[in-house]
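Raw work_18.cif, mmCIF, C-alpha atoms:
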data_run
loop_
_atom_site.group_PDB
_atom_site.id
_atom_site.type_symbol
_atom_site.label_atom_id
_atom_site.label_comp_id
_atom_site.auth_asym_id
_atom_site.auth_seq_id
_atom_site.Cartn_x
_atom_site.Cartn_y
_atom_site.Cartn_z
ATOM 1 C CA MET A 154 14.401 115.125 94.712
ATOM 2 C CA ARG A 155 11.045 113.937 93.356
ATOM 3 C CA THR A 156 10.127 110.268 93.605
ATOM 4 C CA ILE A 157 7.890 108.384 91.160
ATOM 5 C CA LEU A 158 6.713 104.796 91.432
ATOM 6 C CA VAL A 159 6.219 102.909 88.159
ATOM 7 C CA THR A 160 4.652 99.457 88.373
ATOM 8 C CA GLY A 161 5.432 96.742 85.842
ATOM 9 C CA ALA A 162 8.579 98.656 84.923
ATOM 10 C CA ASN A 163 10.997 95.819 84.237
ATOM 11 C CA LYS A 164 10.145 95.645 80.507
ATOM 12 C CA GLY A 165 8.113 97.102 77.663
ATOM 13 C CA ILE A 166 6.195 100.314 78.201
ATOM 14 C CA GLY A 167 6.962 100.452 81.928
ATOM 15 C CA LEU A 168 10.699 100.296 81.283
ATOM 16 C CA ALA A 169 10.342 102.982 78.625
ATOM 17 C CA ILE A 170 8.433 105.204 81.080
ATOM 18 C CA ALA A 171 11.187 104.762 83.669
ATOM 19 C CA ARG A 172 13.848 105.588 81.063
ATOM 20 C CA GLY A 173 11.909 108.661 79.935
ATOM 21 C CA ILE A 174 11.616 109.970 83.498
ATOM 22 C CA LEU A 175 15.327 109.500 84.165
ATOM 23 C CA THR A 176 16.360 111.005 80.828
ATOM 24 C CA GLU A 177 14.137 114.071 80.882
ATOM 25 C CA HIS A 178 14.112 114.897 84.616
ATOM 26 C CA ASP A 179 17.410 114.723 86.438
ATOM 27 C CA ASP A 180 15.739 115.850 89.664
ATOM 28 C CA THR A 181 13.622 112.690 89.845
ATOM 29 C CA ARG A 182 14.264 109.167 91.047
ATOM 30 C CA VAL A 183 12.294 106.117 89.984
ATOM 31 C CA LEU A 184 11.008 103.344 92.176
ATOM 32 C CA LEU A 185 11.080 100.581 89.582
ATOM 33 C CA GLY A 186 8.309 98.137 90.362
ATOM 34 C CA ALA A 187 8.752 94.533 89.227
ATOM 35 C CA ARG A 188 7.004 91.360 90.297
ATOM 36 C CA ASP A 189 10.208 89.328 89.904
ATOM 37 C CA ARG A 190 13.403 90.460 91.620
ATOM 38 C CA GLU A 191 15.798 89.077 89.017
ATOM 39 C CA ARG A 192 13.918 90.722 86.159
ATOM 40 C CA GLY A 193 13.794 93.969 88.072
ATOM 41 C CA GLU A 194 17.532 93.875 88.698
ATOM 42 C CA ALA A 195 18.104 93.120 85.023
ATOM 43 C CA ALA A 196 16.021 96.167 84.081
ATOM 44 C CA ILE A 197 18.052 98.397 86.394
ATOM 45 C CA HIS A 198 21.233 96.974 84.871
ATOM 46 C CA THR A 199 19.939 97.732 81.371
ATOM 47 C CA LEU A 200 19.092 101.333 82.247
ATOM 48 C CA SER A 201 22.351 101.891 84.125
ATOM 49 C CA ALA A 202 24.471 100.334 81.374
ATOM 50 C CA ALA A 203 23.034 102.817 78.902
ATOM 51 C CA GLU A 204 23.559 105.752 81.272
ATOM 52 C CA PRO A 205 25.619 105.072 84.442
ATOM 53 C CA ALA A 206 24.310 108.253 86.109
ATOM 54 C CA PHE A 207 20.842 106.694 86.212
ATOM 55 C CA ARG A 208 21.906 104.141 88.806
ATOM 56 C CA GLU A 209 21.829 106.544 91.744
ATOM 57 C CA ARG A 210 18.259 107.530 90.851
ATOM 58 C CA LEU A 211 16.911 104.011 90.545
ATOM 59 C CA GLN A 212 15.567 101.766 93.278
ATOM 60 C CA LEU A 213 13.985 98.370 92.783
ATOM 61 C CA VAL A 214 10.759 97.555 94.582
ATOM 62 C CA VAL A 215 9.586 93.961 94.281
ATOM 63 C CA LEU A 216 5.877 94.536 93.830
ATOM 64 C CA ASP A 217 3.131 92.116 92.791
ATOM 65 C CA VAL A 218 0.053 94.264 92.223
ATOM 66 C CA GLY A 219 -2.118 91.146 92.256
ATOM 67 C CA LYS A 220 -1.453 90.483 95.954
ATOM 68 C CA ASP A 221 -2.654 92.602 98.866
ATOM 69 C CA GLU A 222 0.258 91.702 101.117
ATOM 70 C CA SER A 223 2.852 92.598 98.476
ATOM 71 C CA VAL A 224 1.375 96.035 97.805
ATOM 72 C CA SER A 225 0.843 96.903 101.457
ATOM 73 C CA GLY A 226 4.330 95.677 102.361
ATOM 74 C CA VAL A 227 5.981 97.819 99.706
ATOM 75 C CA ALA A 228 3.947 100.856 100.782
ATOM 76 C CA VAL A 229 5.210 100.439 104.352
ATOM 77 C CA ALA A 230 8.794 100.073 103.126
ATOM 78 C CA VAL A 231 8.541 103.168 100.902
ATOM 79 C CA HIS A 232 7.033 105.171 103.767
ATOM 80 C CA SER A 233 9.999 104.216 105.913
ATOM 81 C CA MET A 234 12.433 105.106 103.128
ATOM 82 C CA LEU A 235 10.868 108.554 102.655
ATOM 83 C CA GLY A 236 11.118 109.407 106.328
ATOM 84 C CA THR A 237 8.969 111.788 108.336
ATOM 85 C CA GLY A 238 7.161 114.253 106.127
ATOM 86 C CA GLY A 239 8.443 112.637 102.930
ATOM 87 C CA SER A 240 6.191 112.056 99.926
ATOM 88 C CA ILE A 241 6.186 110.670 96.438
ATOM 89 C CA SER A 242 5.325 112.861 93.483
ATOM 90 C CA ALA A 243 3.443 110.342 91.403
ATOM 91 C CA VAL A 244 2.386 106.771 90.788
ATOM 92 C CA VAL A 245 2.203 105.193 87.341
ATOM 93 C CA ASN A 246 0.015 102.105 87.298
ATOM 94 C CA ASN A 247 1.428 100.310 84.274
ATOM 95 C CA ALA A 248 1.445 96.655 85.357
ATOM 96 C CA GLY A 249 -1.103 94.596 83.463
ATOM 97 C CA ILE A 250 -1.868 91.290 81.794
ATOM 98 C CA GLY A 251 -3.916 90.129 78.831
ATOM 99 C CA GLY A 252 -6.345 87.230 78.740
ATOM 100 C CA ALA A 253 -9.457 85.658 77.312
ATOM 101 C CA THR A 254 -12.923 85.699 78.864
ATOM 102 C CA GLN A 255 -12.289 82.453 80.730
ATOM 103 C CA GLU A 256 -9.357 84.144 82.491
ATOM 104 C CA LEU A 257 -11.456 87.081 83.628
ATOM 105 C CA GLU A 258 -10.759 86.708 87.348
ATOM 106 C CA ALA A 259 -6.990 86.880 86.865
ATOM 107 C CA VAL A 260 -7.252 89.788 84.421
ATOM 108 C CA LEU A 261 -9.496 91.838 86.707
ATOM 109 C CA ASN A 262 -7.294 91.034 89.695
ATOM 110 C CA VAL A 263 -4.263 92.636 88.048
ATOM 111 C CA ASN A 264 -5.661 95.217 85.633
ATOM 112 C CA THR A 265 -8.388 96.689 87.852
ATOM 113 C CA LEU A 266 -8.030 95.480 91.422
ATOM 114 C CA GLY A 267 -4.244 95.811 91.138
ATOM 115 C CA VAL A 268 -4.552 99.463 90.174
ATOM 116 C CA ARG A 269 -6.891 100.061 93.086
ATOM 117 C CA ARG A 270 -4.569 98.238 95.528
ATOM 118 C CA VAL A 271 -1.646 100.435 94.546
ATOM 119 C CA CYS A 272 -3.659 103.663 94.568
ATOM 120 C CA GLU A 273 -5.252 103.054 97.951
ATOM 121 C CA ALA A 274 -1.958 101.939 99.521
ATOM 122 C CA PHE A 275 0.113 104.831 98.179
ATOM 123 C CA LEU A 276 -2.378 107.705 98.322
ATOM 124 C CA PRO A 277 -1.310 108.543 101.903
ATOM 125 C CA LEU A 278 2.263 108.943 100.604
ATOM 126 C CA ILE A 279 1.496 111.109 97.567
ATOM 127 C CA ASP A 280 2.130 114.862 97.682
ATOM 128 C CA ASP A 281 -1.365 116.065 98.555
ATOM 129 C CA GLU A 282 -1.024 119.356 96.686
ATOM 130 C CA HIS A 283 0.846 118.487 93.497
ATOM 131 C CA GLY A 284 0.740 114.695 93.282
ATOM 132 C CA ARG A 285 -0.279 112.758 90.181
ATOM 133 C CA ILE A 286 -1.595 109.308 89.371
ATOM 134 C CA VAL A 287 -1.375 107.901 85.856
ATOM 135 C CA ASN A 288 -3.347 104.759 85.081
ATOM 136 C CA VAL A 289 -2.147 103.125 81.878
ATOM 137 C CA THR A 290 -5.243 101.492 80.437
ATOM 138 C CA SER A 291 -6.054 100.819 76.784
ATOM 139 C CA ALA A 292 -8.265 101.723 73.841
ATOM 140 C CA SER A 293 -9.776 98.299 74.532
ATOM 141 C CA GLY A 294 -11.679 99.992 77.370
ATOM 142 C CA PRO A 295 -13.630 102.478 75.222
ATOM 143 C CA ASN A 296 -14.026 99.816 72.544
ATOM 144 C CA PHE A 297 -15.636 97.546 75.147
ATOM 145 C CA VAL A 298 -17.983 100.284 76.372
ATOM 146 C CA ALA A 299 -18.987 101.081 72.776
ATOM 147 C CA LYS A 300 -20.511 97.582 72.515
ATOM 148 C CA CYS A 301 -22.491 97.905 75.736
ATOM 149 C CA SER A 302 -26.135 98.838 76.151
ATOM 150 C CA ASP A 303 -27.033 102.469 76.794
ATOM 151 C CA GLU A 304 -27.593 101.713 80.479
ATOM 152 C CA ARG A 305 -24.221 100.044 80.878
ATOM 153 C CA ARG A 306 -22.531 102.798 78.905
ATOM 154 C CA ARG A 307 -23.949 105.398 81.271
ATOM 155 C CA PHE A 308 -22.615 103.392 84.212
ATOM 156 C CA PHE A 309 -19.057 103.336 82.902
ATOM 157 C CA LEU A 310 -19.179 107.091 82.234
ATOM 158 C CA ASP A 311 -20.619 108.097 85.605
ATOM 159 C CA ALA A 312 -18.035 109.742 87.849
ATOM 160 C CA GLY A 313 -20.588 109.747 90.657
ATOM 161 C CA THR A 314 -20.549 105.984 91.169
ATOM 162 C CA GLU A 315 -18.816 104.394 94.133
ATOM 163 C CA TRP A 316 -16.305 101.559 94.196
ATOM 164 C CA ALA A 317 -18.922 99.202 95.664
ATOM 165 C CA SER A 318 -20.999 99.520 92.497
ATOM 166 C CA LEU A 319 -18.029 98.800 90.259
ATOM 167 C CA GLU A 320 -17.042 95.860 92.439
ATOM 168 C CA ALA A 321 -20.591 94.482 92.209
ATOM 169 C CA LEU A 322 -20.455 94.718 88.411
ATOM 170 C CA MET A 323 -17.200 92.775 88.328
ATOM 171 C CA ARG A 324 -18.657 90.069 90.572
ATOM 172 C CA ASP A 325 -21.634 89.773 88.212
ATOM 173 C CA CYS A 326 -19.275 89.451 85.271
ATOM 174 C CA LEU A 327 -17.273 86.722 86.983
ATOM 175 C CA ALA A 328 -20.459 84.708 87.310
ATOM 176 C CA LEU A 329 -20.929 84.988 83.528
ATOM 177 C CA GLN A 330 -17.364 84.219 82.405
ATOM 178 C CA GLY A 331 -17.042 81.720 79.601
ATOM 179 C CA ASP A 332 -20.453 82.578 78.147
ATOM 180 C CA SER A 333 -20.214 85.509 75.728
ATOM 181 C CA SER A 334 -23.941 85.362 74.964
ATOM 182 C CA ALA A 335 -24.712 85.937 78.654
ATOM 183 C CA PHE A 336 -22.622 89.110 78.605
ATOM 184 C CA GLU A 337 -24.505 90.363 75.573
ATOM 185 C CA LYS A 338 -27.851 89.687 77.221
ATOM 186 C CA ARG A 339 -26.733 91.759 80.220
ATOM 187 C CA GLY A 340 -25.764 94.661 77.979
ATOM 188 C CA LEU A 341 -22.048 93.977 78.355
ATOM 189 C CA GLY A 342 -21.034 93.412 74.755
ATOM 190 C CA ASP A 343 -18.907 90.370 74.039
ATOM 191 C CA GLY A 344 -17.492 90.049 77.554
ATOM 192 C CA ASN A 345 -13.897 90.583 76.450
ATOM 193 C CA ALA A 346 -11.880 90.222 79.642
ATOM 194 C CA TYR A 347 -9.135 92.675 78.785
ATOM 195 C CA GLY A 348 -11.526 95.329 77.502
ATOM 196 C CA LEU A 349 -13.779 94.975 80.544
ATOM 197 C CA SER A 350 -10.835 95.307 82.932
ATOM 198 C CA LYS A 351 -9.637 98.478 81.236
ATOM 199 C CA ALA A 352 -13.146 99.958 81.123
ATOM 200 C CA CYS A 353 -13.499 99.286 84.854
ATOM 201 C CA THR A 354 -10.131 100.917 85.543
ATOM 202 C CA ASN A 355 -11.135 103.990 83.555
ATOM 203 C CA THR A 356 -14.291 104.264 85.667
ATOM 204 C CA TYR A 357 -12.249 103.823 88.862
ATOM 205 C CA THR A 358 -10.048 106.690 87.621
ATOM 206 C CA LEU A 359 -13.151 108.891 87.451
ATOM 207 C CA GLN A 360 -14.160 107.871 90.972
ATOM 208 C CA LEU A 361 -10.699 108.510 92.376
ATOM 209 C CA ALA A 362 -10.392 111.925 90.736
ATOM 210 C CA ARG A 363 -13.698 112.927 92.328
ATOM 211 C CA ARG A 364 -12.444 111.826 95.749
ATOM 212 C CA TYR A 365 -9.097 113.624 95.435
ATOM 213 C CA PRO A 366 -9.726 116.785 93.391
ATOM 214 C CA LYS A 367 -6.386 118.359 94.343
ATOM 215 C CA LEU A 368 -4.437 115.559 92.679
ATOM 216 C CA ALA A 369 -4.012 115.085 88.919
ATOM 217 C CA ILE A 370 -5.506 111.625 88.353
ATOM 218 C CA ASN A 371 -5.915 110.499 84.754
ATOM 219 C CA ALA A 372 -5.814 107.464 82.483
ATOM 220 C CA CYS A 373 -4.471 106.897 78.993
ATOM 221 C CA THR A 374 -3.885 104.388 76.263
ATOM 222 C CA PRO A 375 -0.252 103.939 75.240
ATOM 223 C CA GLY A 376 -1.333 102.981 71.719
ATOM 224 C CA PHE A 377 -0.788 99.819 69.687
ATOM 225 C CA ILE A 378 2.647 98.946 71.044
ATOM 226 C CA GLU A 379 4.961 96.006 70.478
ATOM 227 C CA THR A 380 5.307 94.205 73.816
ATOM 228 C CA ASP A 381 5.394 90.627 75.068
ATOM 229 C CA MET A 382 1.609 90.877 75.376
ATOM 230 C CA THR A 383 1.005 91.905 71.756
ATOM 231 C CA ARG A 384 3.673 90.108 69.714
ATOM 232 C CA GLY A 385 1.590 86.939 69.612
ATOM 233 C CA TYR A 386 -1.130 88.816 67.763
ATOM 234 C CA ALA A 387 1.315 89.853 65.056
ATOM 235 C CA SER A 388 2.702 86.340 64.638
ATOM 236 C CA SER A 389 -0.817 84.921 64.427
ATOM 237 C CA GLN A 390 -1.316 87.177 61.386
ATOM 238 C CA GLY A 391 1.910 85.968 59.829
ATOM 239 C CA LYS A 392 3.323 89.483 59.959
ATOM 240 C CA THR A 393 5.896 91.461 61.883
ATOM 241 C CA PRO A 394 4.734 93.940 64.547
ATOM 242 C CA ARG A 395 5.738 96.841 62.291
ATOM 243 C CA GLU A 396 3.739 95.462 59.382
ATOM 244 C CA ILE A 397 0.516 95.653 61.385
ATOM 245 C CA GLY A 398 1.240 99.101 62.754
ATOM 246 C CA MET A 399 2.690 98.409 66.195
ATOM 247 C CA LYS A 400 4.908 101.134 67.574
ATOM 248 C CA THR A 401 7.795 100.990 70.025
ATOM 249 C CA PRO A 402 7.588 101.027 73.831
ATOM 250 C CA ASP A 403 9.171 104.499 73.731
ATOM 251 C CA ASP A 404 6.190 105.623 71.647
ATOM 252 C CA GLY A 405 3.918 104.010 74.240
ATOM 253 C CA ALA A 406 5.595 105.992 77.032
ATOM 254 C CA ARG A 407 4.807 109.327 75.403
ATOM 255 C CA CYS A 408 1.345 109.920 76.884
ATOM 256 C CA PRO A 409 2.100 108.554 80.379
ATOM 257 C CA LEU A 410 5.057 110.944 80.528
ATOM 258 C CA TYR A 411 2.835 113.807 79.408
ATOM 259 C CA LEU A 412 0.345 113.009 82.172
ATOM 260 C CA LEU A 413 3.215 112.941 84.669
ATOM 261 C CA PHE A 414 4.819 116.249 83.717
ATOM 262 C CA GLY A 415 2.615 118.121 81.263
ATOM 263 C CA LYS A 416 0.364 121.086 81.922
ATOM 264 C CA LEU A 417 -3.061 119.492 82.300
ATOM 265 C CA GLU A 418 -6.564 120.903 82.278
ATOM 266 C CA GLY A 419 -9.305 119.113 84.168
ATOM 267 C CA ASN A 420 -9.014 115.862 86.062
ATOM 268 C CA GLY A 421 -10.255 112.302 85.855
ATOM 269 C CA ARG A 422 -9.785 112.256 82.106
ATOM 270 C CA TYR A 423 -8.770 109.663 79.548
ATOM 271 C CA TYR A 424 -6.187 110.445 76.888
ATOM 272 C CA GLY A 425 -5.229 108.898 73.580
ATOM 273 C CA SER A 426 -1.701 107.883 72.674
ATOM 274 C CA ASP A 427 -1.273 111.303 70.990
ATOM 275 C CA CYS A 428 -1.710 113.015 74.377
ATOM 276 C CA LYS A 429 -5.127 114.369 73.411
ATOM 277 C CA ARG A 430 -8.257 113.888 75.462
ATOM 278 C CA SER A 431 -10.408 110.971 74.284
ATOM 279 C CA PRO A 432 -13.922 109.682 75.078
ATOM 280 C CA LEU A 433 -14.453 106.688 77.348
ATOM 281 C CA ASP A 434 -17.161 105.092 75.241
ATOM 282 C CA ARG A 435 -15.674 104.982 71.753
ATOM 283 C CA TYR A 436 -12.372 105.000 69.927
ATOM 284 C CA ARG A 437 -10.751 108.263 68.830
ATOM 285 C CA GLU A 438 -8.180 107.984 66.075
ATOM 286 C CA PRO A 439 -4.810 109.529 67.062
ATOM 287 C CA GLY A 440 -4.411 112.851 65.306
ATOM 288 C CA SER A 441 -8.132 113.560 65.150
ATOM 289 C CA PRO A 442 -9.620 116.482 67.130
ATOM 290 C CA PRO A 443 -9.546 115.973 70.904
ATOM 291 C CA TYR A 444 -12.686 115.026 72.757
ATOM 292 C CA SER A 445 -14.338 118.053 74.364
ATOM 293 C CA GLY A 446 -17.363 116.558 76.118
ATOM 294 C CA ASP A 447 -18.147 116.424 79.836
#

Translate the structure described by the file into structure tokens.
Amino acid sequence: MRTILVTGANKGIGLAIARGILTEHDDTRVLLGARDRERGEAAIHTLSAAEPAFRERLQLVVLDVGKDESVSGVAVAVHSMLGTGGSISAVVNNAGIGGATQELEAVLNVNTLGVRRVCEAFLPLIDDEHGRIVNVTSASGPNFVAKCSDERRRFFLDAGTEWASLEALMRDCLALQGDSSAFEKRGLGDGNAYGLSKACTNTYTLQLARRYPKLAINACTPGFIETDMTRGYASSQGKTPREIGMKTPDDGARCPLYLLFGKLEGNGRYYGSDCKRSPLDRYREPGSPPYSGD
């Protein structure tokens, strides 16, 4: 039986991804990652209540991607669970938070460093011939890069960079947080914390795919989805999520599921919510022709 880890899977898009895996692939079990045990147990109850057969293919892992010790501890526990020679088929890095520029450190710690923590901890456990990694990022990443200078744009698009360079950029940005004009002067647009974190994670995806060419390692945007993170935006407009075009978490799970099970060409790519390849430095409208550049 295949095993897939999904982080941040106790609600929203992560829960929808877990449900999609269980519904469409009865030969696969889900390690349901949740930072809070009670919320994780509630998510498993929700999935099992809808389909009792899911329960035997669900296992809760209490995982805080923002903490080194939590990620490493879960990796050790999963290794023990798999036994000698065991492997996991895929990792879906879905856990994430929103935030303003002044919260940049916390946002980067979860949205970028958290993805890296999980990838580096679980790579030794992933099937080294057929394994996949799906990093759920956001259109906010390309939108951020679109506002950057040409030099910065080239940096975010360069698969040949190393993690140390990306880490150095994030440290520089932390020194600028709270001052949007300073970001602009450094060629970093408006310094939007969420957009920066997703742009950095897209670049890390490129780096990781170069390091592990046998694995399918890609990123995607789930689309404009109604979640706890986005509902506040709708209410601030005095409208319902549907009125401003938000879709359901099940819609948001569509592309991550495609990257988990679909027939893919290339590696280290970024996909739109319509499961079509998209550029990393500008927005591509869903339904428009797929990006075909390098």

- Query: For Lys300 (chain A), which residue among A:Asn264, A:Ser318, A:Asn420, A:Asn345 is the nearest when counting all atoms listed in the file?
  - Reply: A:Asn345

- What gap, in Å, lies between CA of Gly284 (chain A) and CA of Leu216 (chain A)?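 CA of Gly284 (chain A) sits 20.8 Å away from CA of Leu216 (chain A).
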
First collect every listed atom of region 221-239 of chain A; then fit an axis-aligned box around them, widen it by 4 Å on each side, and give centre and edge lengths in Å to one decimal, as AutoDock Vina command-line options.
--center_x 4.9 --center_y 103.0 --center_z 103.1 --size_x 23.1 --size_y 30.6 --size_z 18.5

Find the residues around Arg364 (chain A) up to 10 Å (only C-alpha atoms counted), leave out those fewer than 3 positions away in its own chain, and share them as a compact mmCIF listing (two decimals) with C-alpha atoms, in the coordinates of the input.
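Listed below is the output, part_0.txt:
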# COMPACT_ATOMS: atom_id res chain seq x y z
CA ALA A 312 -18.04 109.74 87.85
CA GLY A 313 -20.59 109.75 90.66
CA GLU A 315 -18.82 104.39 94.13
CA THR A 358 -10.05 106.69 87.62
CA LEU A 359 -13.15 108.89 87.45
CA GLN A 360 -14.16 107.87 90.97
CA LEU A 361 -10.70 108.51 92.38
CA LYS A 367 -6.39 118.36 94.34
CA LEU A 368 -4.44 115.56 92.68

- Selection: 12 Å around region 226-235 of chain A, only C-alpha atoms, excl. self and same-chain fewer than 2 positions, as an NGL selection string: :A and (154-158 or 160 or 183-188 or 212-218 or 220-224 or 237-242 or 244 or 270-280)

Selection: 12 Å around Arg435 (chain A), all atoms listed in the file, excl. self and same-chain fewer than 5 positions, as a tab-separated table (two decimals) with C-alpha atoms, keeping the file's coordinate frame:
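Output below, filename result_13.tsv:
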chain	number	residue	atom	x	y	z
A	291	SER	CA	-6.05	100.82	76.78
A	292	ALA	CA	-8.26	101.72	73.84
A	293	SER	CA	-9.78	98.30	74.53
A	294	GLY	CA	-11.68	99.99	77.37
A	295	PRO	CA	-13.63	102.48	75.22
A	296	ASN	CA	-14.03	99.82	72.54
A	297	PHE	CA	-15.64	97.55	75.15
A	298	VAL	CA	-17.98	100.28	76.37
A	299	ALA	CA	-18.99	101.08	72.78
A	300	LYS	CA	-20.51	97.58	72.52
A	301	CYS	CA	-22.49	97.90	75.74
A	306	ARG	CA	-22.53	102.80	78.90
A	309	PHE	CA	-19.06	103.34	82.90
A	310	LEU	CA	-19.18	107.09	82.23
A	348	GLY	CA	-11.53	95.33	77.50
A	352	ALA	CA	-13.15	99.96	81.12
A	423	TYR	CA	-8.77	109.66	79.55
A	425	GLY	CA	-5.23	108.90	73.58
A	444	TYR	CA	-12.69	115.03	72.76

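Residues within 8 Å of Asn246 (chain A), counting all atoms listed in the file and excluding same-chain residues fewer than 3 positions away, are Val159, Thr160, Gly161, Val268, Val271, Ile286, Val287, Asn288 and Val289 of chain A.
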
Using the chain letters and residue numbers of this document, give as a PDB file with C-alpha atoms, keeping the file's coordinate frame the residues selected by the PyMOL selection byres ((chain A and resi 412) around 10).
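Listed below is the output, part_30.pdb:
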ATOM      1  CA  VAL A 245       2.203 105.193  87.341  1.00  0.00           C
ATOM      2  CA  ARG A 285      -0.279 112.758  90.181  1.00  0.00           C
ATOM      3  CA  ILE A 286      -1.595 109.308  89.371  1.00  0.00           C
ATOM      4  CA  VAL A 287      -1.375 107.901  85.856  1.00  0.00           C
ATOM      5  CA  ASN A 288      -3.347 104.759  85.081  1.00  0.00           C
ATOM      6  CA  ALA A 369      -4.012 115.085  88.919  1.00  0.00           C
ATOM      7  CA  ILE A 370      -5.506 111.625  88.353  1.00  0.00           C
ATOM      8  CA  ASN A 371      -5.915 110.499  84.754  1.00  0.00           C
ATOM      9  CA  ALA A 372      -5.814 107.464  82.483  1.00  0.00           C
ATOM     10  CA  CYS A 373      -4.471 106.897  78.993  1.00  0.00           C
ATOM     11  CA  ARG A 407       4.807 109.327  75.403  1.00  0.00           C
ATOM     12  CA  CYS A 408       1.345 109.920  76.884  1.00  0.00           C
ATOM     13  CA  PRO A 409       2.100 108.554  80.379  1.00  0.00           C
ATOM     14  CA  LEU A 410       5.057 110.944  80.528  1.00  0.00           C
ATOM     15  CA  TYR A 411       2.835 113.807  79.408  1.00  0.00           C
ATOM     16  CA  LEU A 413       3.215 112.941  84.669  1.00  0.00           C
ATOM     17  CA  PHE A 414       4.819 116.249  83.717  1.00  0.00           C
ATOM     18  CA  GLY A 415       2.615 118.121  81.263  1.00  0.00           C
ATOM     19  CA  LYS A 416       0.364 121.086  81.922  1.00  0.00           C
ATOM     20  CA  LEU A 417      -3.061 119.492  82.300  1.00  0.00           C
ATOM     21  CA  TYR A 424      -6.187 110.445  76.888  1.00  0.00           C
ATOM     22  CA  CYS A 428      -1.710 113.015  74.377  1.00  0.00           C
TER      23      CYS A 428
END
